[in-house]
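**Student:** Pasting input-v4.pdb below, which is PDB, C-alpha atoms.
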```
ATOM      1  CA  MET W 108      -3.822  -5.502   4.751  1.00  0.00           C
ATOM      2  CA  ALA W 109      -1.143  -5.731   2.073  1.00  0.00           C
ATOM      3  CA  THR W 110       2.502  -6.664   2.131  1.00  0.00           C
ATOM      4  CA  SER W 111       5.165  -4.038   1.547  1.00  0.00           C
ATOM      5  CA  ALA W 112       5.730  -5.345  -2.010  1.00  0.00           C
ATOM      6  CA  GLN W 113       1.995  -5.156  -2.803  1.00  0.00           C
ATOM      7  CA  LEU W 114       1.756  -1.614  -1.454  1.00  0.00           C
ATOM      8  CA  ARG W 115       4.800  -0.580  -3.475  1.00  0.00           C
ATOM      9  CA  ARG W 116       3.171  -1.875  -6.680  1.00  0.00           C
ATOM     10  CA  GLU W 117      -0.111  -0.097  -5.843  1.00  0.00           C
ATOM     11  CA  ILE W 118       1.652   3.212  -5.210  1.00  0.00           C
ATOM     12  CA  LEU W 119       3.702   3.047  -8.409  1.00  0.00           C
ATOM     13  CA  ALA W 120       0.545   2.135 -10.383  1.00  0.00           C
ATOM     14  CA  GLY W 121      -1.181   5.301  -9.131  1.00  0.00           C
ATOM     15  CA  GLN W 122      -3.676   3.629  -6.806  1.00  0.00           C
ATOM     16  CA  TRP W 123      -2.643   5.917  -3.941  1.00  0.00           C
ATOM     17  CA  ASP W 124      -2.738   9.121  -5.981  1.00  0.00           C
ATOM     18  CA  GLU W 125      -5.874  10.494  -4.329  1.00  0.00           C
ATOM     19  CA  ALA W 126      -4.332  10.268  -0.857  1.00  0.00           C
ATOM     20  CA  LEU W 127      -0.993  11.629  -2.076  1.00  0.00           C
ATOM     21  CA  CYS W 128      -2.727  14.567  -3.800  1.00  0.00           C
ATOM     22  CA  THR W 129      -4.547  15.363  -0.554  1.00  0.00           C
ATOM     23  CA  LEU W 130      -1.232  15.511   1.288  1.00  0.00           C
ATOM     24  CA  TYR W 131       1.031  17.110  -1.316  1.00  0.00           C
ATOM     25  CA  GLY W 132      -1.096  18.751  -4.018  1.00  0.00           C
ATOM     26  CA  THR W 133      -1.915  17.795  -7.589  1.00  0.00           C
ATOM     27  CA  GLU W 134       1.141  19.034  -9.477  1.00  0.00           C
ATOM     28  CA  PRO W 135       2.229  16.052 -11.648  1.00  0.00           C
ATOM     29  CA  ALA W 136       5.949  16.355 -10.871  1.00  0.00           C
ATOM     30  CA  VAL W 137       5.295  16.499  -7.121  1.00  0.00           C
ATOM     31  CA  LEU W 138       2.924  13.539  -7.333  1.00  0.00           C
ATOM     32  CA  ALA W 139       5.502  11.485  -9.277  1.00  0.00           C
ATOM     33  CA  ARG W 140       8.166  12.361  -6.696  1.00  0.00           C
ATOM     34  CA  GLN W 141       5.932  11.333  -3.792  1.00  0.00           C
ATOM     35  CA  ARG W 142       5.055   8.021  -5.479  1.00  0.00           C
ATOM     36  CA  GLN W 143       8.762   7.273  -5.795  1.00  0.00           C
ATOM     37  CA  ARG W 144       9.496   8.326  -2.198  1.00  0.00           C
ATOM     38  CA  TYR W 145       6.731   6.200  -0.699  1.00  0.00           C
ATOM     39  CA  ALA W 146       7.691   3.204  -2.846  1.00  0.00           C
ATOM     40  CA  ALA W 147      11.390   3.577  -1.983  1.00  0.00           C
ATOM     41  CA  ALA W 148      10.578   3.768   1.730  1.00  0.00           C
ATOM     42  CA  LEU W 149       8.658   0.493   1.511  1.00  0.00           C
ATOM     43  CA  GLU W 150      11.697  -1.048  -0.139  1.00  0.00           C
ATOM     44  CA  GLN W 151      13.881   0.256   2.702  1.00  0.00           C
ATOM     45  CA  PHE W 152      11.431  -1.208   5.233  1.00  0.00           C
ATOM     46  CA  GLU W 153      11.886  -4.609   3.553  1.00  0.00           C
ATOM     47  CA  LEU W 154      15.676  -4.287   3.619  1.00  0.00           C
ATOM     48  CA  TYR W 155      15.663  -3.412   7.315  1.00  0.00           C
ATOM     49  CA  TYR W 156      12.942  -5.752   8.649  1.00  0.00           C
ATOM     50  CA  GLY W 157      12.661  -8.376   5.898  1.00  0.00           C
ATOM     51  CA  PRO W 158      10.364  -8.916   2.897  1.00  0.00           C
ATOM     52  CA  GLY W 159       6.824 -10.297   2.819  1.00  0.00           C
ATOM     53  CA  ARG W 160       5.578  -8.404   5.869  1.00  0.00           C
ATOM     54  CA  GLN W 161       2.099  -6.933   6.116  1.00  0.00           C
ATOM     55  CA  VAL W 162       2.535  -3.192   6.479  1.00  0.00           C
ATOM     56  CA  HIS W 163       0.528  -0.110   7.459  1.00  0.00           C
ATOM     57  CA  VAL W 164       1.542   3.378   6.245  1.00  0.00           C
ATOM     58  CA  TYR W 165       1.148   6.508   8.411  1.00  0.00           C
ATOM     59  CA  SER W 166       2.161  10.158   8.128  1.00  0.00           C
ATOM     60  CA  ALA W 167       2.112  13.327  10.191  1.00  0.00           C
ATOM     61  CA  PRO W 168       2.814  16.888   9.042  1.00  0.00           C
ATOM     62  CA  GLY W 169       5.379  19.310  10.272  1.00  0.00           C
ATOM     63  CA  ARG W 170       4.033  22.685  11.336  1.00  0.00           C
ATOM     64  CA  ALA W 171       4.978  26.309  11.240  1.00  0.00           C
ATOM     65  CA  GLU W 172       4.087  28.346  14.283  1.00  0.00           C
ATOM     66  CA  LEU W 173       2.673  31.625  13.049  1.00  0.00           C
ATOM     67  CA  GLY W 174       2.310  33.083  16.525  1.00  0.00           C
ATOM     68  CA  GLY W 175       3.331  32.073  20.041  1.00  0.00           C
ATOM     69  CA  ASN W 176       6.337  30.069  18.869  1.00  0.00           C
ATOM     70  CA  HIS W 177       7.334  27.526  21.569  1.00  0.00           C
ATOM     71  CA  THR W 178       4.962  28.994  24.167  1.00  0.00           C
ATOM     72  CA  ASP W 179       3.134  25.634  24.074  1.00  0.00           C
ATOM     73  CA  HIS W 180       5.977  24.244  26.220  1.00  0.00           C
ATOM     74  CA  GLN W 181       4.771  26.564  28.997  1.00  0.00           C
ATOM     75  CA  ARG W 182       1.075  25.776  28.315  1.00  0.00           C
ATOM     76  CA  GLY W 183       0.684  28.938  26.246  1.00  0.00           C
ATOM     77  CA  CYS W 184      -1.333  29.384  23.085  1.00  0.00           C
ATOM     78  CA  VAL W 185       0.135  28.860  19.640  1.00  0.00           C
ATOM     79  CA  LEU W 186      -1.283  29.643  16.221  1.00  0.00           C
ATOM     80  CA  ALA W 187       0.130  26.909  14.001  1.00  0.00           C
ATOM     81  CA  ALA W 188      -0.358  25.706  10.441  1.00  0.00           C
ATOM     82  CA  ALA W 189       0.440  22.294   8.959  1.00  0.00           C
ATOM     83  CA  ILE W 190       2.970  22.330   6.139  1.00  0.00           C
ATOM     84  CA  ASP W 191       3.585  19.995   3.195  1.00  0.00           C
ATOM     85  CA  ARG W 192       6.639  18.414   4.818  1.00  0.00           C
ATOM     86  CA  THR W 193       5.813  15.158   6.565  1.00  0.00           C
ATOM     87  CA  THR W 194       7.164  12.414   8.762  1.00  0.00           C
ATOM     88  CA  ARG W 195       6.151   8.996   7.418  1.00  0.00           C
ATOM     89  CA  ALA W 196       6.246   5.467   8.821  1.00  0.00           C
ATOM     90  CA  ARG W 197       5.841   1.979   7.468  1.00  0.00           C
ATOM     91  CA  VAL W 198       4.721  -0.243  10.324  1.00  0.00           C
ATOM     92  CA  ARG W 199       4.165  -3.935  10.930  1.00  0.00           C
ATOM     93  CA  LEU W 200       2.489  -5.233  14.055  1.00  0.00           C
ATOM     94  CA  THR W 201       4.558  -7.918  15.801  1.00  0.00           C
ATOM     95  CA  ARG W 202       2.588  -8.306  19.054  1.00  0.00           C
ATOM     96  CA  SER W 203       5.911  -8.903  20.805  1.00  0.00           C
ATOM     97  CA  PRO W 204       6.752  -7.061  24.062  1.00  0.00           C
ATOM     98  CA  VAL W 205       9.107  -4.716  22.153  1.00  0.00           C
ATOM     99  CA  VAL W 206       8.719  -1.698  19.870  1.00  0.00           C
ATOM    100  CA  ARG W 207      11.510  -1.202  17.345  1.00  0.00           C
ATOM    101  CA  VAL W 208      11.788   2.084  15.446  1.00  0.00           C
ATOM    102  CA  PHE W 209      14.364   2.823  12.808  1.00  0.00           C
ATOM    103  CA  SER W 210      14.239   6.507  11.931  1.00  0.00           C
ATOM    104  CA  ARG W 211      16.535   7.462   9.086  1.00  0.00           C
ATOM    105  CA  GLY W 212      19.292   9.733  10.380  1.00  0.00           C
ATOM    106  CA  TYR W 213      18.838   8.744  14.043  1.00  0.00           C
ATOM    107  CA  ASP W 214      19.911   5.906  16.308  1.00  0.00           C
ATOM    108  CA  PRO W 215      17.570   2.883  16.157  1.00  0.00           C
ATOM    109  CA  VAL W 216      15.195   2.550  19.113  1.00  0.00           C
ATOM    110  CA  THR W 217      14.352  -0.712  20.840  1.00  0.00           C
ATOM    111  CA  LEU W 218      11.812  -0.193  23.624  1.00  0.00           C
ATOM    112  CA  PRO W 219      10.757  -3.054  25.910  1.00  0.00           C
ATOM    113  CA  LEU W 220       7.122  -2.229  26.664  1.00  0.00           C
ATOM    114  CA  ASP W 221       7.515  -2.975  30.366  1.00  0.00           C
ATOM    115  CA  GLN W 222      10.026  -0.109  30.696  1.00  0.00           C
ATOM    116  CA  LEU W 223       8.088   3.125  30.156  1.00  0.00           C
ATOM    117  CA  SER W 224       9.560   5.292  32.930  1.00  0.00           C
ATOM    118  CA  PRO W 225      11.695   8.232  31.753  1.00  0.00           C
ATOM    119  CA  ARG W 226      15.444   7.689  31.502  1.00  0.00           C
ATOM    120  CA  GLU W 227      17.710  10.657  32.162  1.00  0.00           C
ATOM    121  CA  GLY W 228      20.306   9.506  29.624  1.00  0.00           C
ATOM    122  CA  GLU W 229      17.688   9.499  26.847  1.00  0.00           C
ATOM    123  CA  ARG W 230      16.614  13.116  27.214  1.00  0.00           C
ATOM    124  CA  ASN W 231      16.050  14.812  23.813  1.00  0.00           C
ATOM    125  CA  THR W 232      16.404  11.560  21.839  1.00  0.00           C
ATOM    126  CA  SER W 233      14.093   9.527  19.631  1.00  0.00           C
ATOM    127  CA  ALA W 234      14.112   6.835  22.323  1.00  0.00           C
ATOM    128  CA  ALA W 235      12.717   9.315  24.860  1.00  0.00           C
ATOM    129  CA  LEU W 236       9.934  10.320  22.472  1.00  0.00           C
ATOM    130  CA  VAL W 237       8.963   6.698  21.738  1.00  0.00           C
ATOM    131  CA  ARG W 238       9.031   5.874  25.465  1.00  0.00           C
ATOM    132  CA  GLY W 239       7.033   9.017  26.271  1.00  0.00           C
ATOM    133  CA  MET W 240       4.300   8.288  23.729  1.00  0.00           C
ATOM    134  CA  ALA W 241       4.003   4.657  24.868  1.00  0.00           C
ATOM    135  CA  ALA W 242       3.684   5.942  28.447  1.00  0.00           C
ATOM    136  CA  ALA W 243       1.090   8.544  27.402  1.00  0.00           C
ATOM    137  CA  PHE W 244      -1.037   5.765  25.914  1.00  0.00           C
ATOM    138  CA  ALA W 245      -0.569   3.624  29.034  1.00  0.00           C
ATOM    139  CA  ARG W 246      -1.794   6.558  31.195  1.00  0.00           C
ATOM    140  CA  ARG W 247      -5.048   6.352  29.218  1.00  0.00           C
ATOM    141  CA  GLY W 248      -5.268   2.606  29.707  1.00  0.00           C
ATOM    142  CA  ILE W 249      -4.244   1.853  26.106  1.00  0.00           C
ATOM    143  CA  LEU W 250      -1.337  -0.559  26.123  1.00  0.00           C
ATOM    144  CA  TRP W 251       0.881  -0.813  23.094  1.00  0.00           C
ATOM    145  CA  GLN W 252       1.799  -4.160  21.639  1.00  0.00           C
ATOM    146  CA  GLY W 253       5.016  -4.666  19.765  1.00  0.00           C
ATOM    147  CA  PHE W 254       5.563  -3.210  16.321  1.00  0.00           C
ATOM    148  CA  ASP W 255       8.388  -2.446  13.926  1.00  0.00           C
ATOM    149  CA  ALA W 256       8.495   0.969  12.244  1.00  0.00           C
ATOM    150  CA  TRP W 257      10.713   2.405   9.537  1.00  0.00           C
ATOM    151  CA  VAL W 258      10.469   6.212   9.642  1.00  0.00           C
ATOM    152  CA  GLU W 259      11.632   8.925   7.270  1.00  0.00           C
ATOM    153  CA  SER W 260      11.024  12.633   7.385  1.00  0.00           C
ATOM    154  CA  ASP W 261      11.542  15.768   5.376  1.00  0.00           C
ATOM    155  CA  VAL W 262      10.568  17.924   8.389  1.00  0.00           C
ATOM    156  CA  LEU W 263      13.999  19.375   9.050  1.00  0.00           C
ATOM    157  CA  PRO W 264      15.198  19.068  12.673  1.00  0.00           C
ATOM    158  CA  GLY W 265      16.091  22.321  14.377  1.00  0.00           C
ATOM    159  CA  SER W 266      14.315  24.344  11.700  1.00  0.00           C
ATOM    160  CA  GLY W 267      11.353  25.495  13.785  1.00  0.00           C
ATOM    161  CA  LEU W 268       9.007  23.169  11.868  1.00  0.00           C
ATOM    162  CA  SER W 269       8.333  20.957  14.902  1.00  0.00           C
ATOM    163  CA  SER W 270      10.119  17.805  13.795  1.00  0.00           C
ATOM    164  CA  SER W 271       9.845  16.215  17.251  1.00  0.00           C
ATOM    165  CA  ALA W 272       6.134  17.025  17.411  1.00  0.00           C
ATOM    166  CA  ALA W 273       5.633  15.465  13.964  1.00  0.00           C
ATOM    167  CA  PHE W 274       7.416  12.316  15.188  1.00  0.00           C
ATOM    168  CA  GLU W 275       5.253  12.208  18.336  1.00  0.00           C
ATOM    169  CA  VAL W 276       2.024  12.757  16.388  1.00  0.00           C
ATOM    170  CA  LEU W 277       3.104  10.025  13.986  1.00  0.00           C
ATOM    171  CA  LEU W 278       3.544   7.652  16.945  1.00  0.00           C
ATOM    172  CA  GLY W 279       0.155   8.810  18.241  1.00  0.00           C
ATOM    173  CA  ARG W 280      -1.507   8.007  14.931  1.00  0.00           C
ATOM    174  CA  ILE W 281       0.146   4.595  14.887  1.00  0.00           C
ATOM    175  CA  GLY W 282      -0.934   3.886  18.474  1.00  0.00           C
ATOM    176  CA  SER W 283      -4.472   5.107  17.893  1.00  0.00           C
ATOM    177  CA  ALA W 284      -4.931   3.021  14.747  1.00  0.00           C
ATOM    178  CA  LEU W 285      -3.327  -0.169  16.035  1.00  0.00           C
ATOM    179  CA  PHE W 286      -4.330  -0.182  19.703  1.00  0.00           C
ATOM    180  CA  ALA W 287      -7.306   2.171  20.164  1.00  0.00           C
ATOM    181  CA  GLY W 288      -9.396   1.378  17.090  1.00  0.00           C
ATOM    182  CA  GLY W 289      -8.652   4.843  15.660  1.00  0.00           C
ATOM    183  CA  SER W 290     -10.659   6.396  18.485  1.00  0.00           C
ATOM    184  CA  LEU W 291      -8.247   9.151  19.521  1.00  0.00           C
ATOM    185  CA  THR W 292      -8.910  12.604  18.122  1.00  0.00           C
ATOM    186  CA  PRO W 293      -6.136  14.817  16.729  1.00  0.00           C
ATOM    187  CA  VAL W 294      -6.484  17.035  19.822  1.00  0.00           C
ATOM    188  CA  GLU W 295      -6.053  14.057  22.153  1.00  0.00           C
ATOM    189  CA  ILE W 296      -2.994  12.904  20.232  1.00  0.00           C
ATOM    190  CA  ALA W 297      -1.527  16.437  20.376  1.00  0.00           C
ATOM    191  CA  GLN W 298      -2.129  16.573  24.146  1.00  0.00           C
ATOM    192  CA  MET W 299      -0.450  13.203  24.595  1.00  0.00           C
ATOM    193  CA  ALA W 300       2.510  14.414  22.516  1.00  0.00           C
ATOM    194  CA  GLN W 301       2.785  17.552  24.638  1.00  0.00           C
ATOM    195  CA  TRP W 302       2.782  15.421  27.803  1.00  0.00           C
ATOM    196  CA  ALA W 303       5.387  13.040  26.334  1.00  0.00           C
ATOM    197  CA  GLU W 304       7.680  15.921  25.369  1.00  0.00           C
TER
END
```
Write the structure described by the file as C-alpha cells, please.
**Tutor:**
Amino acid sequence: MATSAQLRREILAGQWDEALCTLYGTEPAVLARQRQRYAAALEQFELYYGPGRQVHVYSAPGRAELGGNHTDHQRGCVLAAAIDRTTRARVRLTRSPVVRVFSRGYDPVTLPLDQLSPREGERNTSAALVRGMAAAFARRGILWQGFDAWVESDVLPGSGLSSSAAFEVLLGRIGSALFAGGSLTPVEIAQMAQWAE
C-alpha cells in the first residue's frame, strides 16, 4: 500500500491511466483532467487528515434510471445504467472505534462504531447513510473498524443520478475491501445500500 504522496506521483506519471481509461474513456483531455482530479483529491486528503498516510482509493458510479425510476424504494424493478460521473474516496484504515468521513459539500461525519441504531435527527443526511451502511455490514456479521475517508463526487445531488446510492455503494466497496476481503458481490452491496436507505 502506498502513501497519498506516492499515489499522487504515480497518477500524475500515468501509472493509473489504464484504470482511469476504464472508468472515463480514452480521450486524452478527459484522461488528463481525471489525473489532475485524482491527484488533487489526494492532496486534499493530506490537508484534512495529515500527510504520510497509507491510502486506498475507491470509486462508485452514479446511475441513470432508464425505466422504473424510484420504484426500487418500493421493491419494484428498475432498469438502470451506470454513467461516467463518479463518487470517489481516499481512505486510510485507523482501526479505531470511529469512522470519520469528510464529503466535500456536506457536513463531516464522525460515527462511533458502537452506535449503529438509526437516529431520527439524521434522516436524509450523510451521517444516516454512513450509519446505515455500517449497520448493514453488522447485520451480516461483518464489523467495521475505524477509517478516515475524504470523499468527492461529480454525481449531482437531486439530479436523478442516484447520488445517495453512489455514496452508499462507495461505502459498500470500502467495507467489502477492508473488512470482508473483497468478498461481497455488487448485488450484495446494492442490497445492503437499499436496506440502509
**Student:** Residues near stretch 250-265 of chain W, anyone? I mean within 7 Å using all atoms listed in the file, not counting same-chain ones fewer than 5 positions away, as number ranges by chain.
**Tutor:** W: 152, 169, 192-211, 241, 244-245, 270, 282, 286
**Student:** So which one's closest to W:Arg230, W:Leu186, W:Ala303, W:Leu285, W:Tyr165? Using only C-alpha atoms, please.
**Tutor:**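 Residue with the minimum atom-to-atom distance to W:Arg230: W:Ala303.
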**Student:** Counting only C-alpha atoms, which residue out of W:Ser271, W:Ser283, W:Thr133, W:Gln298 sits closest to W:Leu236?
**Tutor:**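 Comparing W:Ser271, W:Ser283, W:Thr133, W:Gln298 against W:Leu236, the winner is W:Ser271.
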**Student:** Under the rule that only C-alpha atoms are counted, which of W:Ser233, W:Ser111, W:Glu227, W:His163 is the nearest residue to W:Pro215?
**Tutor:** W:Ser233
**Student:** Residue by residue, what does the PyMOL selection byres ((chain W and resi 112-122) around 9) grab here? Present the result as a PyMOL selection string.
**Tutor:** chain W and resi 109-111+123-126+139+142-143+145-150+153+158-160+162
**Student:** Could those selected residues go to a file with C-alpha atoms, as a tab-separated table (two decimals), in the coordinates of the input?
**Tutor:**
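What follows is the written file part-v9.tsv:
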```
chain	number	residue	atom	x	y	z
W	109	ALA	CA	-1.14	-5.73	2.07
W	110	THR	CA	2.50	-6.66	2.13
W	111	SER	CA	5.16	-4.04	1.55
W	123	TRP	CA	-2.64	5.92	-3.94
W	124	ASP	CA	-2.74	9.12	-5.98
W	125	GLU	CA	-5.87	10.49	-4.33
W	126	ALA	CA	-4.33	10.27	-0.86
W	139	ALA	CA	5.50	11.48	-9.28
W	142	ARG	CA	5.06	8.02	-5.48
W	143	GLN	CA	8.76	7.27	-5.80
W	145	TYR	CA	6.73	6.20	-0.70
W	146	ALA	CA	7.69	3.20	-2.85
W	147	ALA	CA	11.39	3.58	-1.98
W	148	ALA	CA	10.58	3.77	1.73
W	149	LEU	CA	8.66	0.49	1.51
W	150	GLU	CA	11.70	-1.05	-0.14
W	153	GLU	CA	11.89	-4.61	3.55
W	158	PRO	CA	10.36	-8.92	2.90
W	159	GLY	CA	6.82	-10.30	2.82
W	160	ARG	CA	5.58	-8.40	5.87
W	162	VAL	CA	2.54	-3.19	6.48
```
**Student:** Suppose you want the space between atom CA of W:Arg170 and atom CA of W:Ala272; what is it in Å?
**Tutor:**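 Distance reported for this atom pair: 8.6 Å.
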**Student:** Could you write out as AutoDock Vina command-line options the box around stretch 280-283 of chain W (axis-aligned, all atoms listed in the file, 4 Å on each side), with centre and edge lengths in Å to one decimal?
**Tutor:**
```
--center_x -2.2 --center_y 5.9 --center_z 16.7 --size_x 12.6 --size_y 12.1 --size_z 11.6
```
**Student:** Running the PyMOL selection byres ((chain W and resi 239) around 9) on this model by hand, what would come out? Give it as a VMD selection string.
**Tutor:** chain W and resid 223 to 225 234 to 238 240 to 244 275 299 to 300 302 to 304
**Student:** As an exercise, work out the distance from atom CA of W:Pro219 to atom CA of W:Ile296 in Å and give it to one decimal place.
**Tutor:**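 Going from atom CA of W:Pro219 over to atom CA of W:Ile296, I get 21.8 Å.
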**Student:** Considering all atoms listed in the file, can you say which of W:Gly289, W:Tyr131, W:Met108, W:Ala273 comes closest to W:Gln161?
**Tutor:**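 Nearest candidate to W:Gln161 out of W:Gly289, W:Tyr131, W:Met108, W:Ala273: W:Met108.
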**Student:** Which value, in Å to one decimal, gives the distance between atom CA of W:Ala284 and atom CA of W:Cys184?
**Tutor:**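 Answer for the atom CA of W:Ala284 to atom CA of W:Cys184 separation: 27.9 Å.
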**Student:** Could you add all heavy atoms to stretch 248-257 of chain W and give me the result as a compact mmCIF listing (two decimals), in the frame of the given file?
**Tutor:**
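Once written, selection09.txt looks like this:
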```
# COMPACT_ATOMS: atom_id res chain seq x y z
N GLY W 248 -4.81 3.99 29.66
CA GLY W 248 -5.27 2.61 29.71
C GLY W 248 -5.18 1.89 28.37
O GLY W 248 -5.79 0.83 28.18
N ILE W 249 -4.42 2.45 27.44
CA ILE W 249 -4.24 1.85 26.11
C ILE W 249 -2.81 1.33 26.03
O ILE W 249 -1.87 2.12 25.93
CB ILE W 249 -4.51 2.88 24.99
CG1 ILE W 249 -5.90 3.49 25.13
CG2 ILE W 249 -4.33 2.23 23.62
CD1 ILE W 249 -6.13 4.72 24.27
N LEU W 250 -2.67 0.03 26.11
CA LEU W 250 -1.34 -0.56 26.12
C LEU W 250 -0.90 -0.90 24.71
O LEU W 250 -1.64 -1.53 23.96
CB LEU W 250 -1.32 -1.80 27.01
CG LEU W 250 -1.70 -1.55 28.47
CD1 LEU W 250 -1.65 -2.85 29.25
CD2 LEU W 250 -0.79 -0.51 29.11
N TRP W 251 0.31 -0.47 24.39
CA TRP W 251 0.88 -0.81 23.09
C TRP W 251 1.28 -2.28 23.08
O TRP W 251 1.66 -2.85 24.10
CB TRP W 251 2.11 0.03 22.83
CG TRP W 251 1.84 1.41 22.34
CD1 TRP W 251 0.64 2.05 22.29
CD2 TRP W 251 2.82 2.34 21.86
NE1 TRP W 251 0.81 3.32 21.79
CE2 TRP W 251 2.13 3.52 21.53
CE3 TRP W 251 4.18 2.28 21.69
CZ2 TRP W 251 2.77 4.63 21.02
CZ3 TRP W 251 4.83 3.40 21.19
CH2 TRP W 251 4.13 4.57 20.85
N GLN W 252 1.20 -2.87 21.90
CA GLN W 252 1.80 -4.16 21.64
C GLN W 252 3.00 -3.88 20.74
O GLN W 252 3.15 -2.78 20.23
CB GLN W 252 0.80 -5.08 20.94
CG GLN W 252 -0.42 -5.37 21.80
CD GLN W 252 -1.47 -6.13 21.03
OE1 GLN W 252 -1.16 -6.90 20.14
NE2 GLN W 252 -2.71 -5.90 21.36
N GLY W 253 3.81 -4.88 20.54
CA GLY W 253 5.02 -4.67 19.76
C GLY W 253 4.74 -4.34 18.31
O GLY W 253 3.78 -4.84 17.71
N PHE W 254 5.59 -3.49 17.76
CA PHE W 254 5.56 -3.21 16.32
C PHE W 254 6.95 -2.79 15.87
O PHE W 254 7.79 -2.40 16.67
CB PHE W 254 4.50 -2.16 15.94
CG PHE W 254 4.70 -0.79 16.52
CD1 PHE W 254 5.51 0.16 15.89
CD2 PHE W 254 4.05 -0.41 17.69
CE1 PHE W 254 5.67 1.44 16.41
CE2 PHE W 254 4.20 0.87 18.22
CZ PHE W 254 5.00 1.79 17.58
N ASP W 255 7.18 -2.93 14.58
CA ASP W 255 8.39 -2.45 13.93
C ASP W 255 8.00 -1.28 13.04
O ASP W 255 7.00 -1.36 12.32
CB ASP W 255 9.02 -3.53 13.04
CG ASP W 255 9.58 -4.69 13.83
OD1 ASP W 255 9.90 -4.52 15.03
OD2 ASP W 255 9.71 -5.79 13.25
N ALA W 256 8.77 -0.20 13.08
CA ALA W 256 8.49 0.97 12.24
C ALA W 256 9.77 1.42 11.56
O ALA W 256 10.85 1.44 12.18
CB ALA W 256 7.92 2.10 13.08
N TRP W 257 9.63 1.78 10.30
CA TRP W 257 10.71 2.40 9.54
C TRP W 257 10.22 3.81 9.21
O TRP W 257 9.19 3.99 8.57
CB TRP W 257 11.01 1.62 8.27
CG TRP W 257 12.29 2.03 7.61
CD1 TRP W 257 13.53 1.52 7.84
CD2 TRP W 257 12.47 3.06 6.63
NE1 TRP W 257 14.46 2.17 7.06
CE2 TRP W 257 13.84 3.11 6.30
CE3 TRP W 257 11.59 3.94 5.99
CZ2 TRP W 257 14.35 4.01 5.38
CZ3 TRP W 257 12.10 4.84 5.07
CH2 TRP W 257 13.48 4.86 4.77
```
